[in-house]
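Student: This structure is in structure tokens; I'll ask about it shortly.
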Amino acid sequence: MSARRAHRPAVMGHRGMVASAHPLASAAGLEMLWRGGNAVDAAIAIAATLNVVEPFMSGIGGDGLLLLTMAGRRSVLDFMGKTPQHARPGDCAVEELQRGPKSSLVPGNFGGWWEALRAHGRLSPAEVFGPAIRYAEEGFPLTHRGAEFVAEHCPRLGPDAAGVFCPNGKPPAAGTRLSHPALAKTLRQLVERGSDLLYRGELGERLYRAVQAAGGWLTADDLDGFSPTWTEPIGIQFGTVEVFSVPPPAAGMQLLETLAILEGCGLRELGHNSAESLHLLIETVKLTMADRIAFQSLPEPPVQGILSPGYASAQRARIDPTRAAVCGGERYDPNPPAGAVLSGDPYGYQREHTTHFSVVDGDGNAASITQTLGSPFGSGFVAGDTGILMNNLLQWNDLDPRSPNVLAPSRKVETRMAPLQAFREGRLILALGTPGSYGIPQTSAQMFLNMLVYGMDIQEAIEAPRVRVYTDRTVDMEARIPAAVRVALAARGHAIRVLPDWSWVVGGGQGVSVDPGTGTLSGGADPRRDGYV
């Protein structure tokens, strides 16, 4: 694929590379590398800055995951909060889990940022959080896409949040300088006093009291019980490459199972985004989506079985190459469409395990973080005078007691986040990820295949047109995929919905690749959003 078919060229360098969903956040990460910081310093500076300049996607009130390679060792930092201890299916309506003060998990992002810096950072918290505080105090210009997001989602904001993001009662225009003094004050206090101020101190008290006063569940015990957790990634072999992602209850398992099945499908010979290759991708997603729904939320999911070569082969054999199967949907449904694809049986193979940004520093350390508020602007609820916009991640819980992901007190919940890193002969070659809710494992798989199977560079792989699979036989498809391909897929039974040429519905990927021969770093960022390298 020629570089001329990319909207922009890949950015190249040797001493460090950052790719995030906003140019000011990428600049903040680069500033940390200039100051002598490492990949973790840069990643946390990006995370905090996105809280200010991309407030509809992530922030202190959200949750996330870090996939980290540091000095050759791979690890995962899980900073997903649990459900509140008073959360009960009988005490809420579905609508209350969609928005408002009852819809929030315990916020884990700041605890995760602080722990990552404690364990691996080189710079002081004042340096790392400096850009975020500066933009919150002095203001930043709202981008064109940012203005579109704010305008679209202003109606879901509570009065306090609307006062911050829709001043004067109407959505701000692109170029408007927005500031957030209350958030700036909170960030300054956290930098001075650390995460205990939020999880065991007076800031946390102000936060949970504001949530409770508005009818939410959050308590002091919920905050006090939060702790980010270091764990191990899960992985597969894909040809000559080792691919790693995050373990359940995150969606790394679905992403890796998708790649394991598709590895044996001869995609290169079928051609990129041909009707034949897209059919196999879509049918594979249906299988792995069913497995995610059935197994990902279990206390002990059968990871080894699902990621084994034998199970991948068995799943591959279930695909009809000429006809679209019926998909059961993106989440648990007690009444799925007739004939819907069911989960496989991985237990016999057990013997064989919102925004995204990627940073690679000059020492080869790689930090990949996916973090979220849930929906755009999360719950739409700002907790009192803290300036913290709360998440609505409880929306991903089900109220049906038959669901593996049913709402229950103080438990980890299923999440779609799935940052990815790949290695050849032990050397990092790729750090990649995307936002996109249930579409995250689908989008990441497509970007990975674009590089590793179809030979694209990182920017081309991110920009190439994508698809997303839904319930029954419905597939969203960007219009840049040729009409003849769409017609051929429809003949196989797929119900194609055509998206614009560039649609944020299919994610917003950011990534860094490494040439193992020269050490050259190449960065790619998604023009579907405000991504910049």
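Just remember, in the structure tokens the first chain shown is A, the second B, etc., residues are 1-based per chain, and ligands are 1-based in the order shown.
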Near Thr229 in chain A, within 10 Å and counting only C-alpha atoms, which residues show up once chain neighbours fewer than 4 positions away are dropped, as number ranges by chain?

Tutor: A: 65, 76-80, 112, 115

Student: Counting only C-alpha atoms, which residues of range 173-249 of chain A sit at most 8 Å from some atom of range 419-422 of chain A, and what is each one's closest atom pair with its distance in Å to one decimal, listed by chain and rising residue number, as JSON lines?

Tutor:
```
{"residue": "A:Val241", "atom": "CA", "partner": "A:Ala422", "partner_atom": "CA", "distance": 6.5}
{"residue": "A:Glu242", "atom": "CA", "partner": "A:Ala422", "partner_atom": "CA", "distance": 5.6}
{"residue": "A:Val243", "atom": "CA", "partner": "A:Ala422", "partner_atom": "CA", "distance": 4.4}
{"residue": "A:Phe244", "atom": "CA", "partner": "A:Gln421", "partner_atom": "CA", "distance": 5.4}
{"residue": "A:Ser245", "atom": "CA", "partner": "A:Leu420", "partner_atom": "CA", "distance": 4.8}
{"residue": "A:Val246", "atom": "CA", "partner": "A:Pro419", "partner_atom": "CA", "distance": 6.8}
```

Student: Per DSSP on the backbone, filter range 118-292 of chain A down to the residues in strand (DSSP E) and report them as JSON, numbers by chain.

Tutor: {"A": [140, 141, 177, 178, 229, 230, 231, 234, 235, 236, 237, 238, 241, 242, 243, 244, 245]}

Student: Identify which of the residues A:Ile440, A:Leu142, A:Ile369, A:Leu197 lies closest to Thr176 in chain A, counting only C-alpha atoms when measuring atom-to-atom distances.

Tutor: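 Counting only C-alpha atoms, the residue closest to Thr176 in chain A is A:Leu142.
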
Student: So the first atom is CA of Arg88 in chain A and the second is CA of Gln254 in chain A; what is the distance between them in Å, to one decimal place?

Tutor: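 Those two atoms sit 27.9 Å apart.
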
Student: Quick one: everything within 12 Å of Glu460 in chain A, counting only C-alpha atoms, minus sequence neighbours fewer than 5 positions away in the same chain. Send it as number ranges by chain.

Tutor: A: 1-11, 446-451, 454-455, 465-466, 509-511, 513, 522-527

Student: Next, the residues of the selection above should be written as a short mmCIF file (atom, residue, chain, number, x, y, z; two decimals), in the first residue's frame with N, CA, C and O atoms.

Tutor:
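As a result, again_23.cif now contains:
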```
data_model
loop_
_atom_site.label_atom_id
_atom_site.label_comp_id
_atom_site.auth_asym_id
_atom_site.auth_seq_id
_atom_site.Cartn_x
_atom_site.Cartn_y
_atom_site.Cartn_z
N MET A 1 0.86 -1.21 0.00
CA MET A 1 0.00 0.00 0.00
C MET A 1 0.89 1.24 0.00
O MET A 1 1.81 1.37 0.80
N SER A 2 0.63 2.16 -0.89
CA SER A 2 1.43 3.36 -1.00
C SER A 2 1.10 4.34 0.12
O SER A 2 -0.04 4.51 0.51
N ALA A 3 2.16 5.04 0.61
CA ALA A 3 1.95 6.04 1.64
C ALA A 3 1.06 7.16 1.14
O ALA A 3 0.45 7.87 1.92
N ARG A 4 0.96 7.33 -0.18
CA ARG A 4 0.12 8.39 -0.72
C ARG A 4 -1.36 8.12 -0.47
O ARG A 4 -2.19 8.98 -0.65
N ARG A 5 -1.70 6.90 -0.07
CA ARG A 5 -3.09 6.59 0.22
C ARG A 5 -3.44 6.88 1.67
O ARG A 5 -4.55 6.63 2.10
N ALA A 6 -2.49 7.39 2.43
CA ALA A 6 -2.76 7.81 3.81
C ALA A 6 -3.09 9.29 3.84
O ALA A 6 -2.55 10.08 3.06
N HIS A 7 -3.99 9.65 4.73
CA HIS A 7 -4.38 11.05 4.91
C HIS A 7 -3.18 11.89 5.32
O HIS A 7 -3.03 13.04 4.90
N ARG A 8 -2.32 11.33 6.17
CA ARG A 8 -1.08 11.99 6.58
C ARG A 8 0.05 10.95 6.55
O ARG A 8 -0.21 9.76 6.63
N PRO A 9 1.29 11.39 6.52
CA PRO A 9 2.40 10.44 6.62
C PRO A 9 2.61 10.01 8.07
O PRO A 9 2.24 10.73 9.00
N ALA A 10 3.18 8.83 8.25
CA ALA A 10 3.61 8.43 9.59
C ALA A 10 4.72 9.37 10.05
O ALA A 10 5.54 9.83 9.26
N VAL A 11 4.73 9.68 11.34
CA VAL A 11 5.78 10.53 11.93
C VAL A 11 6.90 9.63 12.42
O VAL A 11 6.64 8.60 13.05
N GLN A 446 -8.38 -5.04 13.39
CA GLN A 446 -8.22 -4.58 12.01
C GLN A 446 -6.94 -3.78 11.81
O GLN A 446 -6.23 -3.96 10.82
N MET A 447 -6.62 -2.90 12.75
CA MET A 447 -5.39 -2.12 12.62
C MET A 447 -4.17 -3.03 12.68
O MET A 447 -3.20 -2.86 11.91
N PHE A 448 -4.18 -4.00 13.59
CA PHE A 448 -3.07 -4.94 13.71
C PHE A 448 -2.90 -5.74 12.41
O PHE A 448 -1.78 -5.87 11.89
N LEU A 449 -3.98 -6.28 11.87
CA LEU A 449 -3.91 -7.05 10.63
C LEU A 449 -3.43 -6.20 9.47
O LEU A 449 -2.68 -6.68 8.60
N ASN A 450 -3.84 -4.93 9.44
CA ASN A 450 -3.40 -4.05 8.37
C ASN A 450 -1.88 -3.96 8.33
O ASN A 450 -1.27 -3.88 7.25
N MET A 451 -1.25 -3.96 9.49
CA MET A 451 0.21 -3.89 9.55
C MET A 451 0.86 -5.25 9.34
O MET A 451 1.73 -5.43 8.49
N TYR A 454 -1.08 -7.19 5.98
CA TYR A 454 -1.16 -6.48 4.71
C TYR A 454 -0.01 -5.52 4.46
O TYR A 454 0.04 -4.85 3.43
N GLY A 455 0.94 -5.41 5.41
CA GLY A 455 2.16 -4.66 5.17
C GLY A 455 2.05 -3.16 5.17
O GLY A 455 2.90 -2.47 4.60
N PRO A 465 -10.05 2.09 5.86
CA PRO A 465 -11.47 1.99 6.22
C PRO A 465 -11.77 0.73 7.03
O PRO A 465 -11.18 -0.32 6.80
N ARG A 466 -12.71 0.88 7.97
CA ARG A 466 -12.99 -0.19 8.93
C ARG A 466 -14.47 -0.56 8.95
O ARG A 466 -15.32 0.18 8.44
N GLY A 509 -7.89 5.16 16.55
CA GLY A 509 -6.65 4.48 16.93
C GLY A 509 -5.45 5.39 17.04
O GLY A 509 -5.32 6.38 16.31
N GLN A 510 -4.57 5.05 17.98
CA GLN A 510 -3.28 5.73 18.14
C GLN A 510 -2.23 4.64 18.35
O GLN A 510 -2.48 3.68 19.11
N GLY A 511 -1.07 4.79 17.73
CA GLY A 511 -0.07 3.75 17.90
C GLY A 511 1.33 4.18 17.54
O GLY A 511 1.54 5.20 16.88
N SER A 513 4.98 2.21 16.12
CA SER A 513 5.67 1.00 15.69
C SER A 513 7.18 1.22 15.76
O SER A 513 7.65 2.36 15.73
N SER A 522 7.93 4.94 14.47
CA SER A 522 6.94 5.55 13.57
C SER A 522 5.63 5.67 14.34
O SER A 522 5.17 4.70 14.95
N GLY A 523 5.04 6.86 14.31
CA GLY A 523 3.80 7.10 15.03
C GLY A 523 2.64 7.34 14.09
O GLY A 523 2.79 7.96 13.04
N GLY A 524 1.48 6.82 14.49
CA GLY A 524 0.26 7.03 13.71
C GLY A 524 -0.87 7.49 14.61
O GLY A 524 -0.97 7.06 15.76
N ALA A 525 -1.71 8.39 14.10
CA ALA A 525 -2.84 8.91 14.88
C ALA A 525 -4.04 9.06 13.96
O ALA A 525 -3.90 9.30 12.76
N ASP A 526 -5.22 8.91 14.53
CA ASP A 526 -6.43 8.76 13.75
C ASP A 526 -7.07 10.10 13.41
O ASP A 526 -7.48 10.85 14.30
N PRO A 527 -7.23 10.41 12.11
CA PRO A 527 -7.91 11.65 11.73
C PRO A 527 -9.42 11.59 11.96
O PRO A 527 -10.11 12.59 11.78
#
```

Student: Taking 2 positions as the minimum chain separation for residues in the same chain, which residues sit within 12 Å of Glu96 in chain A when counting only C-alpha atoms? Answer as a PyMOL selection string.

Tutor: chain A and resi 87-94+98-104+214-217+379-380+392-397+399

Student: Here is a test: counting only C-alpha atoms, which residue of A:Ala162, A:Ala275, A:Val303, A:Val453 is nearest to Val487 in chain A?

Tutor: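 Of A:Ala162, A:Ala275, A:Val303, A:Val453, the one nearest Val487 in chain A is A:Ala275, counting only C-alpha atoms.
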
Student: Find, counting only C-alpha atoms, the residue in A:Leu223, A:Ala27, A:Leu489, A:Leu281 that gets nearest to Lys82 in chain A.

Tutor: A:Leu223

Student: Of the candidates A:Pro55, A:Gly72, A:Pro441, A:Gly13, which shows the shortest atom-to-atom distance to Ser375 in chain A, using only C-alpha atoms?

Tutor: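 Among the listed residues, the smallest separation from Ser375 in chain A belongs to A:Pro55.
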
Student: Would you mind telling me which residue in A:Ala383, A:Val469, A:Met477, A:Ile234 lies nearest to Ala213 in chain A when using only C-alpha atoms?

Tutor: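 With only C-alpha atoms as the atom set, the closest residue is A:Ala383.
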
Student: Using only C-alpha atoms, can you tell me which of A:Tyr208, A:Tyr532, A:Tyr332, A:Trp504 comes closest to Pro84 in chain A?

Tutor: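 Going through A:Tyr208, A:Tyr532, A:Tyr332, A:Trp504 one by one, the smallest distance to Pro84 in chain A is for A:Tyr208.
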
Student: If you run DSSP on this backbone, which residues of range 212-385 of chain A come out as alpha helix (DSSP H), and could you give them as an MDAnalysis selection string?

Tutor: chainID A and resid 212:213 220:224 252:263 267:270 275:295 303:306 309:316

Student: So that I can check the surroundings of Glu152 in chain A, please list as a PyMOL selection string every protein, DNA and RNA residue that reaches within 10 Å of it, counting only C-alpha atoms and ignoring chain neighbours fewer than 4 positions away.

Tutor: chain A and resi 146-148+156+171+376

Student: What does the file look like for those residues with N, CA and C atoms, as a compact mmCIF listing (two decimals), in the first residue's frame?

Tutor:
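Result file follows (selection-v7.txt):
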```txt
# COMPACT_ATOMS: atom_id res chain seq x y z
N GLY A 146 -13.88 18.66 18.81
CA GLY A 146 -14.29 18.83 20.20
C GLY A 146 -15.60 19.59 20.29
N ALA A 147 -15.74 20.63 19.49
CA ALA A 147 -16.98 21.41 19.48
C ALA A 147 -18.16 20.56 19.02
N GLU A 148 -17.91 19.67 18.06
CA GLU A 148 -18.98 18.78 17.60
C GLU A 148 -19.42 17.83 18.70
N ARG A 156 -27.17 15.89 27.56
CA ARG A 156 -27.07 14.86 28.60
C ARG A 156 -26.36 15.35 29.85
N PRO A 171 -23.70 25.37 23.39
CA PRO A 171 -22.41 24.75 23.08
C PRO A 171 -21.42 25.78 22.53
N PRO A 376 -19.71 9.54 26.13
CA PRO A 376 -19.21 10.91 26.11
C PRO A 376 -19.74 11.72 27.29
```

Student: Show me, as JSON, numbers by chain, the residues that have an atom within 8 Å of Thr520 in chain A when counting only C-alpha atoms, minus same-chain residues fewer than 6 positions from it.

Tutor: {"A": [12, 13, 14, 514]}

Student: Take CA of Val106 in chain A and CA of Leu123 in chain A and report the distance between them in Å, one decimal.

Tutor: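 Taking CA of Val106 in chain A as the start and CA of Leu123 in chain A as the end point, the length is 27.5 Å.
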
Student: I want to know what sits within 10 Å of Asp345 in chain A, based on only C-alpha atoms, with residues of the same chain fewer than 4 positions away left out; could you give that as an NGL selection string?

Tutor: :A and (291 or 302 or 305-306 or 311 or 314-315 or 349)

Student: Please save C-alpha atoms of the selected residues as a PDB file, in the first residue's frame.

Tutor:
```pdb
ATOM      1  CA  ASP A 291     -17.255 -15.893  23.947  1.00  0.00           C
ATOM      2  CA  PRO A 302     -11.058 -20.033  30.665  1.00  0.00           C
ATOM      3  CA  GLY A 305      -8.514 -22.544  26.496  1.00  0.00           C
ATOM      4  CA  ILE A 306      -9.838 -19.567  24.544  1.00  0.00           C
ATOM      5  CA  TYR A 311      -9.583 -23.798  20.147  1.00  0.00           C
ATOM      6  CA  ALA A 314     -12.185 -25.331  16.246  1.00  0.00           C
ATOM      7  CA  GLN A 315     -13.719 -21.863  16.120  1.00  0.00           C
ATOM      8  CA  TYR A 349      -8.535 -26.667  25.657  1.00  0.00           C
TER       9      TYR A 349
END
```
